[in-house]
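Enquirer: Could you have a look at this structure, given as structure tokens, before my questions?
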Amino acid sequence: MKKKDLLTPIGLVLGFAMIMFGIINNSGIMGATSFIDFPSLLIVLGGTIGALLITFNMKEMQVLPGVMKQVFSKQENELSELIHTFVKLSDRARREGLLALEAELDDVNNDFLKKGVLLAVDGVEPEVINDIMNAEIAAMEERHRKGRSILEKAGDYAPSWGMIGTLIGLVLMLKNLNDPSTLGPNMAIAILTTLYGTLLANLVFIPMANKLGNKTEREVFIKQIIIEGVIGVQSGQNPKILEEKLSAFLSNQDREKSEEEVAEALEENFQ
């Protein structure tokens with residue numbers, strides 16, 4: 001289940017707000033308007049987008065909206081809830097057999113977990129289950145890497161295009177030294193493009209790429225736990241033993257929460 005990740009917009013707003021605060025605090029509202037220059041912004045954004053279009057093909061660029069959406073959402077994968085689910089599955093499998101687990105999957109929202117349990121129900125060997133599910137993890141990591149690389153490249157290109165804008169502004173300024181009225185606007189383009197490029201790279205593109213990398217690592221971690229749980233259920237491990245095994249992945253606080261949930265689950269199953 002996906003929810004909005006509020007930290008991303010909060011971080012963006014906070015970063016831009018601190019910059020505006022520093023500007024307004026030293027030069028006032030009117031001074032802040034001098035930091036807004038659309039030609040400079042177009043040079044950086046247009047150049048960065050153009051470089052991305054050259055670097056990536058159309059199919060790769062089409063995933064960018066979905067990649068950006070992932071930055072502003074988070075996957076609810078509570079490890080304690082996951083362990084609770086596996087304890088229920090293990091208990092039912094020991095009492096009624098693996099075939100009875102198909103009925104339990106109706107309440108499970110995790111497709112990866114469902115796939116693993118169905119493989120176990122079908123009698124697939126544990127080694128084969130491990131290979132199949134790890135292959136899916138590797139494929140997921142590669143998909144995420146490709147999507148993330150677009151933002152990483154944007155973070156590389158934006159400061160470079162800021163420097164290109166600076167050179168453009170300097171050329172225009174030097175070319176018109178005999179006209180003092182052009183020095184200010186040309187110098188503004190020269191300086192602001194560097195500011196815009198650096199700002200976009202270090203507050204938008206690179207942090208977003210890093211966040212996606214962290215989300216991928218978290219998802220891989222959870223999927224590895226699911227593999228351990230599926231193989232434990234298939235092998236007929238005692239629910240309490242399986243709980244102890246999977247709880248090794250939890251922090252102390254989460255472990256206490258998980259133990260309470262598991263105790264309630266086992267009590268419900270025996271009623």
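Each chain of the structure tokens is named A, B, ... in the order shown, its residues numbered from 1; ligands are numbered from 1 in display order.
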Could you name the residues that touch segment 62-79 of chain A at 7 Å or less, counting only C-alpha atoms, but leaving out those on the same chain fewer than 2 positions away, as a list in words?
Expert: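 In the requested format, the answer is Met1, Lys2, Lys3, Lys4, Asp5, Thr8, Met58, Lys59, Glu60, Glu81, Leu82, Ile83, Gly147, Met208, Lys211 and Leu212 of chain A.
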Enquirer: Could you write out that same residue set with N, CA and C atoms as a PDB file, in the first residue's frame?
Expert:
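Final output, saved to out-v1.pdb:
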```
ATOM      1  N   MET A   1       0.849  -1.192   0.000  1.00  0.00           N
ATOM      2  CA  MET A   1       0.000   0.000   0.000  1.00  0.00           C
ATOM      3  C   MET A   1       0.887   1.245   0.000  1.00  0.00           C
ATOM      4  N   LYS A   2       0.645   2.150  -0.947  1.00  0.00           N
ATOM      5  CA  LYS A   2       1.483   3.324  -1.072  1.00  0.00           C
ATOM      6  C   LYS A   2       0.811   4.540  -0.447  1.00  0.00           C
ATOM      7  N   LYS A   3       1.610   5.352   0.234  1.00  0.00           N
ATOM      8  CA  LYS A   3       1.148   6.595   0.810  1.00  0.00           C
ATOM      9  C   LYS A   3       2.072   7.713   0.357  1.00  0.00           C
ATOM     10  N   LYS A   4       1.635   8.949   0.588  1.00  0.00           N
ATOM     11  CA  LYS A   4       2.457  10.089   0.221  1.00  0.00           C
ATOM     12  C   LYS A   4       3.641  10.206   1.176  1.00  0.00           C
ATOM     13  N   ASP A   5       4.789  10.482   0.599  1.00  0.00           N
ATOM     14  CA  ASP A   5       5.991  10.712   1.394  1.00  0.00           C
ATOM     15  C   ASP A   5       6.123  12.219   1.603  1.00  0.00           C
ATOM     16  N   THR A   8       9.723  14.483   1.278  1.00  0.00           N
ATOM     17  CA  THR A   8      10.274  15.015   0.032  1.00  0.00           C
ATOM     18  C   THR A   8       9.792  16.436  -0.242  1.00  0.00           C
ATOM     19  N   MET A  58      13.704   7.074 -26.132  1.00  0.00           N
ATOM     20  CA  MET A  58      12.352   7.497 -25.787  1.00  0.00           C
ATOM     21  C   MET A  58      11.709   6.578 -24.759  1.00  0.00           C
ATOM     22  N   LYS A  59      11.949   5.277 -24.895  1.00  0.00           N
ATOM     23  CA  LYS A  59      11.353   4.330 -23.959  1.00  0.00           C
ATOM     24  C   LYS A  59      11.859   4.571 -22.548  1.00  0.00           C
ATOM     25  N   GLU A  60      13.147   4.885 -22.418  1.00  0.00           N
ATOM     26  CA  GLU A  60      13.717   5.147 -21.096  1.00  0.00           C
ATOM     27  C   GLU A  60      13.196   6.456 -20.519  1.00  0.00           C
ATOM     28  N   GLU A  81       4.533  -6.460  10.749  1.00  0.00           N
ATOM     29  CA  GLU A  81       3.316  -6.983  10.122  1.00  0.00           C
ATOM     30  C   GLU A  81       3.644  -8.146   9.191  1.00  0.00           C
ATOM     31  N   LEU A  82       4.786  -8.049   8.506  1.00  0.00           N
ATOM     32  CA  LEU A  82       5.217  -9.115   7.599  1.00  0.00           C
ATOM     33  C   LEU A  82       5.501 -10.408   8.376  1.00  0.00           C
ATOM     34  N   ILE A  83       6.185 -10.278   9.500  1.00  0.00           N
ATOM     35  CA  ILE A  83       6.471 -11.447  10.338  1.00  0.00           C
ATOM     36  C   ILE A  83       5.173 -12.041  10.885  1.00  0.00           C
ATOM     37  N   GLY A 147      15.890   3.825 -14.072  1.00  0.00           N
ATOM     38  CA  GLY A 147      15.075   5.004 -13.795  1.00  0.00           C
ATOM     39  C   GLY A 147      15.831   6.032 -12.974  1.00  0.00           C
ATOM     40  N   MET A 208      16.913  13.436  -4.999  1.00  0.00           N
ATOM     41  CA  MET A 208      15.852  12.523  -5.437  1.00  0.00           C
ATOM     42  C   MET A 208      16.431  11.177  -5.873  1.00  0.00           C
ATOM     43  N   LYS A 211      17.369   9.257  -2.817  1.00  0.00           N
ATOM     44  CA  LYS A 211      16.199   8.734  -2.119  1.00  0.00           C
ATOM     45  C   LYS A 211      15.685   7.481  -2.807  1.00  0.00           C
ATOM     46  N   LEU A 212      15.668   7.487  -4.138  1.00  0.00           N
ATOM     47  CA  LEU A 212      15.241   6.294  -4.871  1.00  0.00           C
ATOM     48  C   LEU A 212      16.181   5.126  -4.605  1.00  0.00           C
TER      49      LEU A 212
END
```
Enquirer: Do a neighbour search on Thr33 of chain A at 12 Å with only C-alpha atoms, toss out local chain neighbours closer than 5 positions, and write the hits as a ChimeraX atom specification.
Expert: /A:20,23-24,27-28,38,188
Enquirer: Fewer than 5 positions away in the same chain doesn't count, so skip those; otherwise give me all residues within 12 Å of Glu127 of chain A, counting only C-alpha atoms, as a count of residues only.
Expert: 11
Enquirer: Under the rule that only C-alpha atoms are counted, which of A:Leu118, A:Leu151, A:Met187, A:Ala138 is the nearest residue to Asn210 of chain A?
Expert: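 Comparing A:Leu118, A:Leu151, A:Met187, A:Ala138 against Asn210 of chain A, the winner is A:Leu151.
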Enquirer: Using only C-alpha atoms, can you tell me which of A:Gly232, A:Gly213, A:Gly116, A:Pro39 comes closest to Ile191 of chain A?
Expert: A:Pro39
Enquirer: Taking 5 positions as the minimum chain separation for residues in the same chain, which residues sit within 12 Å of Lys153 of chain A when counting only C-alpha atoms? Answer as a count of residues only.
Expert: 21
Enquirer: With only C-alpha atoms as the atoms that count, which of A:Ser80, A:Val233, A:Leu101, A:Phe112 lies nearest to Ala248 of chain A?
Expert: A:Ser80
Enquirer: Just the residues within 12 Å of Val44 of chain A, please, counting only C-alpha atoms, with nothing from its chain fewer than 5 positions along; format it as a ChimeraX atom specification.
Expert: /A:37-39,49-51,154-166,168,189-190,192-201
Enquirer: Could you pull out the alpha helix (DSSP H) residues of segment 36-263 of chain A from DSSP and send them as a PyMOL selection string?
Expert: chain A and resi 38-55+58-61+64-71+79-96+101-104+111-121+126-175+183-199+206-234+239-247+252-263
Enquirer: I'd like the neighbourhood of Val121 of chain A as a PDB file with N, CA, C and O atoms, in the first residue's frame, where a residue qualifies if any of its atoms comes within 7 Å (using only C-alpha atoms), though same-chain residues fewer than 4 positions away should be ignored.
Expert:
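Contents of part.pdb, as written:
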```
ATOM      1  N   LEU A  98       0.095 -27.234   3.122  1.00  0.00           N
ATOM      2  CA  LEU A  98       0.438 -26.074   2.293  1.00  0.00           C
ATOM      3  C   LEU A  98      -0.708 -25.626   1.394  1.00  0.00           C
ATOM      4  O   LEU A  98      -0.853 -24.439   1.101  1.00  0.00           O
ATOM      5  N   LEU A  99      -1.535 -26.564   0.939  1.00  0.00           N
ATOM      6  CA  LEU A  99      -2.632 -26.203   0.032  1.00  0.00           C
ATOM      7  C   LEU A  99      -3.621 -25.242   0.681  1.00  0.00           C
ATOM      8  O   LEU A  99      -4.290 -24.469  -0.011  1.00  0.00           O
ATOM      9  N   VAL A 117       4.624 -17.837  -1.970  1.00  0.00           N
ATOM     10  CA  VAL A 117       3.763 -18.826  -1.321  1.00  0.00           C
ATOM     11  C   VAL A 117       3.155 -19.772  -2.352  1.00  0.00           C
ATOM     12  O   VAL A 117       3.071 -20.984  -2.123  1.00  0.00           O
TER      13      VAL A 117
END
```
Enquirer: Point out the residue among A:Glu243, A:Thr216, A:Pro9, A:Phe221 with the least atom-to-atom distance to Arg143 of chain A, counting only C-alpha atoms.
Expert: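 Under the stated criterion, the closest residue is A:Thr216.
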